[in-house]
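Structure data follow from start.txt (compact mmCIF, C-alpha atoms):
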# COMPACT_ATOMS: atom_id res chain seq x y z
CA MET A 1 -47.33 8.66 22.93
CA LYS A 2 -49.60 5.91 24.27
CA PHE A 3 -50.59 2.83 22.27
CA SER A 4 -53.24 0.19 22.93
CA ILE A 5 -52.97 -2.82 20.61
CA ARG A 6 -56.06 -4.30 18.95
CA ARG A 7 -55.05 -7.79 17.80
CA SER A 8 -56.59 -9.22 14.64
CA ASP A 9 -57.99 -12.35 16.30
CA GLU A 10 -59.58 -10.25 19.07
CA ARG A 11 -61.74 -8.30 16.61
CA GLY A 12 -65.37 -9.15 16.11
CA HIS A 13 -65.74 -11.75 13.37
CA ALA A 14 -68.51 -13.39 11.37
CA ASP A 15 -68.52 -15.91 8.52
CA HIS A 16 -71.85 -15.79 6.68
CA GLY A 17 -70.64 -17.93 3.78
CA TRP A 18 -71.00 -15.20 1.16
CA LEU A 19 -69.48 -12.62 3.54
CA LYS A 20 -66.44 -12.97 5.77
CA THR A 21 -66.01 -9.93 7.99
CA PHE A 22 -63.96 -8.55 10.86
CA HIS A 23 -65.18 -5.69 13.08
CA THR A 24 -62.70 -3.42 14.86
CA PHE A 25 -65.63 -1.75 16.65
CA SER A 26 -69.04 -2.98 17.84
CA PHE A 27 -71.14 -3.75 14.77
CA ALA A 28 -74.25 -5.82 13.97
CA SER A 29 -74.38 -8.74 16.45
CA TYR A 30 -70.87 -8.03 17.76
CA TYR A 31 -70.80 -5.78 20.81
CA ASP A 32 -67.88 -4.84 23.03
CA PRO A 33 -68.26 -1.65 25.09
CA ALA A 34 -64.48 -1.32 25.21
CA HIS A 35 -64.41 -1.05 21.40
CA ASP A 36 -67.42 1.05 20.43
CA HIS A 37 -65.79 4.06 18.78
CA PHE A 38 -62.64 6.17 18.92
CA GLY A 39 -62.96 9.89 18.36
CA SER A 40 -65.22 10.34 15.34
CA LEU A 41 -64.28 6.88 14.04
CA ARG A 42 -67.18 4.45 14.45
CA VAL A 43 -66.64 1.49 12.08
CA ILE A 44 -63.69 -0.32 10.53
CA ASN A 45 -64.96 -3.52 8.92
CA GLU A 46 -62.60 -5.65 6.85
CA ASP A 47 -64.96 -7.43 4.45
CA ARG A 48 -64.61 -10.17 1.86
CA VAL A 49 -67.67 -10.65 -0.36
CA ASP A 50 -68.04 -13.63 -2.69
CA PRO A 51 -68.82 -13.21 -6.42
CA LYS A 52 -72.46 -12.58 -7.37
CA THR A 53 -73.35 -11.70 -3.77
CA GLY A 54 -73.38 -8.56 -1.66
CA PHE A 55 -75.30 -6.15 0.50
CA GLY A 56 -78.82 -5.51 -0.79
CA THR A 57 -80.36 -2.05 -0.79
CA HIS A 58 -80.38 -0.60 2.72
CA ALA A 59 -80.55 2.82 4.35
CA HIS A 60 -78.04 5.03 6.17
CA ARG A 61 -78.18 8.48 7.70
CA GLU A 62 -75.85 10.75 9.68
CA PHE A 63 -72.68 8.84 8.86
CA GLU A 64 -69.71 9.43 6.59
CA ILE A 65 -69.17 6.05 4.88
CA PHE A 66 -66.08 5.24 2.87
CA SER A 67 -64.93 2.10 1.11
CA TYR A 68 -61.23 1.34 0.53
CA ILE A 69 -60.82 -1.33 -2.16
CA VAL A 70 -58.00 -3.83 -1.55
CA SER A 71 -58.70 -6.37 -4.32
CA GLY A 72 -61.50 -7.43 -6.63
CA GLU A 73 -64.30 -5.14 -7.80
CA LEU A 74 -67.22 -3.60 -5.88
CA GLU A 75 -70.39 -2.38 -7.58
CA HIS A 76 -72.12 0.53 -5.83
CA ARG A 77 -75.67 1.78 -6.53
CA ASP A 78 -77.52 4.43 -4.53
CA SER A 79 -80.64 6.55 -4.29
CA MET A 80 -78.73 9.60 -5.59
CA GLY A 81 -78.44 7.84 -8.96
CA ASN A 82 -74.79 6.86 -8.65
CA VAL A 83 -73.75 3.58 -10.27
CA GLU A 84 -70.07 2.71 -10.17
CA VAL A 85 -67.73 -0.28 -10.22
CA MET A 86 -64.71 0.31 -8.00
CA LYS A 87 -61.36 -1.45 -8.26
CA ARG A 88 -58.11 -1.62 -6.31
CA GLY A 89 -56.90 1.87 -5.49
CA ASP A 90 -60.38 3.37 -5.48
CA LEU A 91 -61.83 5.12 -2.47
CA GLN A 92 -65.55 5.86 -2.43
CA MET A 93 -67.08 8.27 0.07
CA THR A 94 -70.80 8.61 0.78
CA SER A 95 -71.81 11.44 3.07
CA ALA A 96 -75.20 10.01 4.07
CA GLY A 97 -76.48 13.17 5.74
CA THR A 98 -80.27 13.22 6.02
CA GLY A 99 -80.48 9.78 4.43
CA ILE A 100 -79.57 7.62 1.46
CA ARG A 101 -80.19 4.07 0.29
CA HIS A 102 -77.50 2.04 -1.40
CA SER A 103 -76.36 -1.47 -2.33
CA GLU A 104 -72.90 -2.97 -2.71
CA HIS A 105 -72.13 -6.20 -4.55
CA ALA A 106 -69.06 -8.07 -5.71
CA HIS A 107 -68.65 -7.39 -9.42
CA GLY A 108 -67.19 -9.96 -11.80
CA THR A 109 -65.92 -13.45 -11.04
CA LYS A 110 -63.64 -12.73 -8.08
CA GLN A 111 -64.15 -12.07 -4.40
CA VAL A 112 -63.93 -8.41 -3.41
CA HIS A 113 -61.86 -7.46 -0.35
CA PHE A 114 -62.44 -3.97 1.02
CA LEU A 115 -62.51 -1.94 4.20
CA GLN A 116 -65.77 -0.28 5.11
CA ILE A 117 -65.15 2.72 7.37
CA TRP A 118 -67.68 5.00 9.05
CA SER A 119 -67.17 8.26 10.89
CA VAL A 120 -69.60 10.55 12.70
CA PRO A 121 -70.09 13.92 10.97
CA SER A 122 -69.42 17.12 12.89
CA THR A 123 -72.71 18.58 11.61
CA LYS A 124 -76.06 16.82 11.34
CA GLY A 125 -78.70 17.36 8.69
CA LEU A 126 -76.33 17.68 5.74
CA SER A 127 -77.49 16.99 2.20
CA PRO A 128 -76.28 13.59 0.94
CA GLN A 129 -73.16 13.66 -1.26
CA TYR A 130 -71.03 11.15 -3.15
CA PHE A 131 -67.31 11.27 -3.95
CA THR A 132 -64.74 8.95 -5.53
CA ARG A 133 -60.96 9.15 -5.62
CA HIS A 134 -58.28 6.89 -7.08
CA PHE A 135 -54.77 6.30 -5.71
CA THR A 136 -52.30 4.12 -7.57
CA ASP A 137 -49.98 1.67 -5.85
CA ALA A 138 -47.10 3.90 -6.96
CA GLU A 139 -48.61 6.84 -5.04
CA LYS A 140 -48.59 4.70 -1.86
CA THR A 141 -45.28 2.87 -2.27
CA ASP A 142 -42.95 3.83 0.59
CA LYS A 143 -44.79 7.10 1.13
CA TRP A 144 -48.03 8.26 2.73
CA ALA A 145 -50.90 8.90 0.33
CA HIS A 146 -53.34 11.36 1.91
CA ILE A 147 -56.63 9.76 0.90
CA VAL A 148 -59.27 11.40 3.17
CA ALA A 149 -59.27 14.86 4.79
CA PRO A 150 -61.77 17.24 6.39
CA VAL A 151 -63.92 19.01 3.83
CA ASP A 152 -62.65 22.45 4.91
CA ALA A 153 -58.94 21.53 4.83
CA PRO A 154 -56.68 23.33 2.34
CA GLY A 155 -56.55 21.66 -1.06
CA VAL A 156 -59.63 19.45 -0.52
CA LEU A 157 -62.06 19.65 -3.43
CA GLU A 158 -65.75 19.08 -2.77
CA LYS A 159 -66.30 17.53 -6.20
CA ARG A 160 -67.60 14.08 -7.12
CA GLU A 161 -64.32 13.20 -8.83
CA ALA A 162 -61.06 15.06 -8.31
CA SER A 163 -57.45 14.61 -7.31
CA GLY A 164 -56.32 14.74 -3.71
CA PRO A 165 -58.10 13.47 -0.60
CA ALA A 166 -61.79 12.65 -0.50
CA PRO A 167 -63.67 15.20 1.65
CA VAL A 168 -65.16 14.08 4.95
CA HIS A 169 -67.40 16.04 7.34
CA SER A 170 -65.47 14.74 10.37
CA PRO A 171 -62.23 15.94 12.04
CA LEU A 172 -60.33 13.01 10.51
CA ASP A 173 -57.43 12.48 8.11
CA LEU A 174 -56.63 9.09 6.60
CA PHE A 175 -53.31 8.06 5.08
CA ALA A 176 -52.35 4.84 3.26
CA THR A 177 -49.01 3.28 2.38
CA LEU A 178 -47.50 0.19 0.77
CA LEU A 179 -44.34 -0.12 2.82
CA SER A 180 -41.53 -2.25 1.42
CA PRO A 181 -39.32 -4.52 3.58
CA GLY A 182 -36.56 -2.57 5.28
CA ASN A 183 -38.15 0.83 4.66
CA SER A 184 -39.67 3.27 7.14
CA LEU A 185 -41.99 6.27 7.19
CA ARG A 186 -42.59 9.05 9.69
CA HIS A 187 -45.84 10.77 10.57
CA SER A 188 -46.27 13.88 12.70
CA PHE A 189 -49.70 14.32 14.24
CA HIS A 190 -51.49 17.54 13.36
CA THR A 191 -50.62 20.58 15.41
CA GLY A 192 -53.09 22.91 17.07
CA GLY A 193 -55.94 22.07 19.40
CA GLY A 194 -55.85 19.45 22.10
CA GLN A 195 -54.73 15.87 22.28
CA ARG A 196 -54.74 13.88 19.04
CA LYS A 197 -56.12 10.41 18.52
CA GLY A 198 -54.77 7.96 15.97
CA TYR A 199 -55.48 4.48 14.76
CA VAL A 200 -53.15 2.30 12.68
CA HIS A 201 -54.44 -0.77 10.82
CA VAL A 202 -52.44 -3.36 8.88
CA VAL A 203 -54.55 -4.70 6.02
CA GLN A 204 -54.92 -8.50 5.84
CA THR A 205 -53.54 -8.84 2.31
CA SER A 206 -52.11 -12.38 2.61
CA GLY A 207 -55.56 -13.95 2.81
CA TYR A 208 -58.41 -14.55 5.18
CA ASN A 209 -57.10 -15.56 8.59
CA THR A 210 -59.13 -15.91 11.81
CA ALA A 211 -56.15 -17.13 13.86
CA GLU A 212 -53.26 -15.17 15.31
CA ALA A 213 -52.08 -12.51 12.89
CA SER A 214 -49.34 -13.41 10.42
CA GLY A 215 -48.08 -12.12 7.07
CA ALA A 216 -46.59 -8.65 6.73
CA HIS A 217 -44.90 -7.33 9.87
CA VAL A 218 -44.55 -3.66 10.82
CA ARG A 219 -42.99 -2.03 13.87
CA VAL A 220 -44.21 1.31 15.21
CA LEU A 221 -41.68 3.45 17.07
CA GLY A 222 -42.49 6.30 19.42
CA ALA A 223 -44.75 4.53 21.91
CA GLU A 224 -44.23 4.69 25.65
CA GLY A 225 -42.68 1.41 26.73
CA GLY A 226 -40.94 0.72 23.44
CA PRO A 227 -41.75 -0.42 19.89
CA VAL A 228 -45.12 -1.94 18.94
CA ASP A 229 -45.12 -4.90 16.54
CA LEU A 230 -48.16 -5.46 14.32
CA ARG A 231 -49.05 -8.02 11.67
CA GLU A 232 -51.85 -8.29 9.15
CA GLY A 233 -55.24 -7.53 10.69
CA ASP A 234 -53.69 -6.01 13.81
CA GLY A 235 -54.31 -2.41 14.77
CA ALA A 236 -53.52 0.02 17.56
CA TYR A 237 -55.21 2.97 19.23
CA ILE A 238 -52.89 5.95 19.66
CA MET A 239 -53.03 8.95 21.99
CA ALA A 240 -50.59 11.70 21.01
CA VAL A 241 -49.90 15.36 21.63
CA PRO A 242 -50.07 17.71 18.64
CA GLY A 243 -46.91 17.50 16.56
CA GLU A 244 -45.74 14.25 18.13
CA GLU A 245 -44.05 11.90 15.66
CA LEU A 246 -44.23 8.17 15.09
CA THR A 247 -42.14 6.01 12.80
CA LEU A 248 -43.50 3.01 10.92
CA GLU A 249 -40.95 0.37 9.91
CA ASN A 250 -41.43 -2.71 7.78
CA ALA A 251 -39.71 -5.35 9.92
CA GLY A 252 -40.78 -8.32 7.80
CA LYS A 253 -40.24 -9.79 4.35
CA LYS A 254 -43.49 -8.73 2.65
CA VAL A 255 -44.92 -5.42 1.53
CA ALA A 256 -47.28 -4.11 4.23
CA GLU A 257 -50.45 -2.21 3.35
CA VAL A 258 -51.15 0.13 6.25
CA LEU A 259 -53.84 2.72 7.02
CA LEU A 260 -53.23 5.52 9.54
CA PHE A 261 -55.95 7.76 10.99
CA ASP A 262 -55.08 11.15 12.55
CA MET A 263 -58.08 12.61 14.44
CA GLU A 264 -59.24 15.13 16.99
As structure tokens, what does this structure read like?
Amino acid sequence: MKFSIRRSDERGHADHGWLKTFHTFSFASYYDPAHDHFGSLRVINEDRVDPKTGFGTHAHREFEIFSYIVSGELEHRDSMGNVEVMKRGDLQMTSAGTGIRHSEHAHGTKQVHFLQIWSVPSTKGLSPQYFTRHFTDAEKTDKWAHIVAPVDAPGVLEKREASGPAPVHSPLDLFATLLSPGNSLRHSFHTGGGQRKGYVHVVQTSGYNTAEASGAHVRVLGAEGGPVDLREGDGAYIMAVPGEELTLENAGKKVAEVLLFDME
């Protein structure tokens, strides 16, 4: 299994006052041809939006757009008539298809911290759809919560609100965990087909930090060349064969919030 580390302070970054954001991939004015996409994964933005501010109404098409709420509250409005305030544990998925318009604003008196993730759909020209799911901290504590899965995968419900993973029109699964100090988790990449791609991201839960990563500390076992150590904001690209297994350990003293993508 091959890993390529993406350090937190090497990501694209912008501080607009009302918005503090990190870009894993090229986005807006940040461009790095070495970090443009990975498999169907096109955007991982770690955003912090100040109270009473946000992203005004704007258009999207031909992307699967999901928001993972870390803290605070995010108000979503769109051209399909959806109005929703999302809180910690919520995951909102917009399949933009032929085109939608939406806005996202911090709701209430606190800053909202969330990850905005985009993937490229396998099929173009789909009708726009909207989905929400909720996963408690208990569902993620020291276990993988399966929060996004391909729309045609077993057990995935193509309903606006339901239990289980949110459906995505991309060959992508997303898992989340809250890993306690001293604990570990295993993940086996999907079997069948060709080589698998993965991406692991440690959420920056200890606060906004543009310097070298600190806070929660995880160690990933299974990589060629030995263990990979990651801290908050760090990530790593993974190339694996189907069925290959990695182990995620919490090597620090704080709970680590970690996202893991498993993709074609």
Local residues around (-71.8, 10.3, 10.8), at most 9 Å away, using only C-alpha atoms, as a ChimeraX atom specification: /A:40-42,61-65,95-97,118-124,169-170
Can you spit out the residues from that selection as a compact mmCIF listing (two decimals), in the coordinates of the input, using C-alpha atoms?
# COMPACT_ATOMS: atom_id res chain seq x y z
CA SER A 40 -65.22 10.34 15.34
CA LEU A 41 -64.28 6.88 14.04
CA ARG A 42 -67.18 4.45 14.45
CA ARG A 61 -78.18 8.48 7.70
CA GLU A 62 -75.85 10.75 9.68
CA PHE A 63 -72.68 8.84 8.86
CA GLU A 64 -69.71 9.43 6.59
CA ILE A 65 -69.17 6.05 4.88
CA SER A 95 -71.81 11.44 3.07
CA ALA A 96 -75.20 10.01 4.07
CA GLY A 97 -76.48 13.17 5.74
CA TRP A 118 -67.68 5.00 9.05
CA SER A 119 -67.17 8.26 10.89
CA VAL A 120 -69.60 10.55 12.70
CA PRO A 121 -70.09 13.92 10.97
CA SER A 122 -69.42 17.12 12.89
CA THR A 123 -72.71 18.58 11.61
CA LYS A 124 -76.06 16.82 11.34
CA HIS A 169 -67.40 16.04 7.34
CA SER A 170 -65.47 14.74 10.37
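Nearest residue to Thr109 (chain A), choosing from A:Lys143, A:Arg186, A:Lys52, A:His58 and counting all atoms listed in the file: A:Lys52.
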Would you mind listing what lies within 6 Å of His76 (chain A) as a short mmCIF file (atom, residue, chain, number, x, y, z; two decimals) with C-alpha atoms, in the coordinates of the input, with all atoms listed in the file counted and same-chain residues fewer than 2 positions away left out?
data_model
loop_
_atom_site.label_atom_id
_atom_site.label_comp_id
_atom_site.auth_asym_id
_atom_site.auth_seq_id
_atom_site.Cartn_x
_atom_site.Cartn_y
_atom_site.Cartn_z
CA VAL A 83 -73.75 3.58 -10.27
CA GLU A 84 -70.07 2.71 -10.17
CA SER A 103 -76.36 -1.47 -2.33
CA GLU A 104 -72.90 -2.97 -2.71
#
For His113 (chain A): contacts at 12 Å, only C-alpha atoms, fewer than 3 positions along chain excluded, given as a PyMOL selection string: chain A and resi 19-22+45-51+54+67-74+86-89+105-107+110+116+203-208
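Reported to one decimal place, the separation of CA of Lys2 (chain A) from CA of Glu257 (chain A) is 22.5 Å.
The space between CA of Ser127 (chain A) and CA of Tyr199 (chain A) spans 28.3 Å.
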For Arg219 (chain A): contacts at 7 Å, only C-alpha atoms, fewer than 4 positions along chain excluded, given as a PyMOL selection string: chain A and resi 227-230+248-251
Give me a file of those residues, with C-alpha atoms, as a tab-separated table (two decimals), in the frame of the given file.
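Final file, selection16.tsv:
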chain	number	residue	atom	x	y	z
A	227	PRO	CA	-41.75	-0.42	19.89
A	228	VAL	CA	-45.12	-1.94	18.94
A	229	ASP	CA	-45.12	-4.90	16.54
A	230	LEU	CA	-48.16	-5.46	14.32
A	248	LEU	CA	-43.50	3.01	10.92
A	249	GLU	CA	-40.95	0.37	9.91
A	250	ASN	CA	-41.43	-2.71	7.78
A	251	ALA	CA	-39.71	-5.35	9.92
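Interatomic distance, CA of Gly108 (chain A) to CA of Gln129 (chain A): 26.5 Å.
Around Lys140 (chain A), within 8 Å and counting only C-alpha atoms, the residues found are Phe135, Thr136, Asp137, Ala138, Asp142, Lys143, Trp144, Ala145, Ala176, Thr177, Leu178 and Leu179 of chain A, once anything fewer than 2 positions away on its own chain is removed.
Nearest residue to Ser214 (chain A) among A:Leu185, A:Val148, A:Ala256, A:Ala236 is A:Ala256, counting all atoms listed in the file.
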Selected residue, from A:His16, A:Val200, A:Leu172, A:Ser26, that lies nearest to Gly39 (chain A) when counting all atoms listed in the file: A:Leu172
Residue neighbourhood region 156-164 of chain A, 10 Å, only C-alpha atoms, exclusion window fewer than 4 positions, as a ChimeraX atom specification: /A:92-93,129-135,145-152,168
For Gly81 (chain A), the nearest of the candidates A:Leu260, A:Ala28, A:Val202, A:Ile100, counting only C-alpha atoms: A:Ile100
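Minimum atom-to-atom distance to Leu246 (chain A), evaluated using only C-alpha atoms, belongs to A:Met1 out of A:Val85, A:Met263, A:Met1, A:Ala166.
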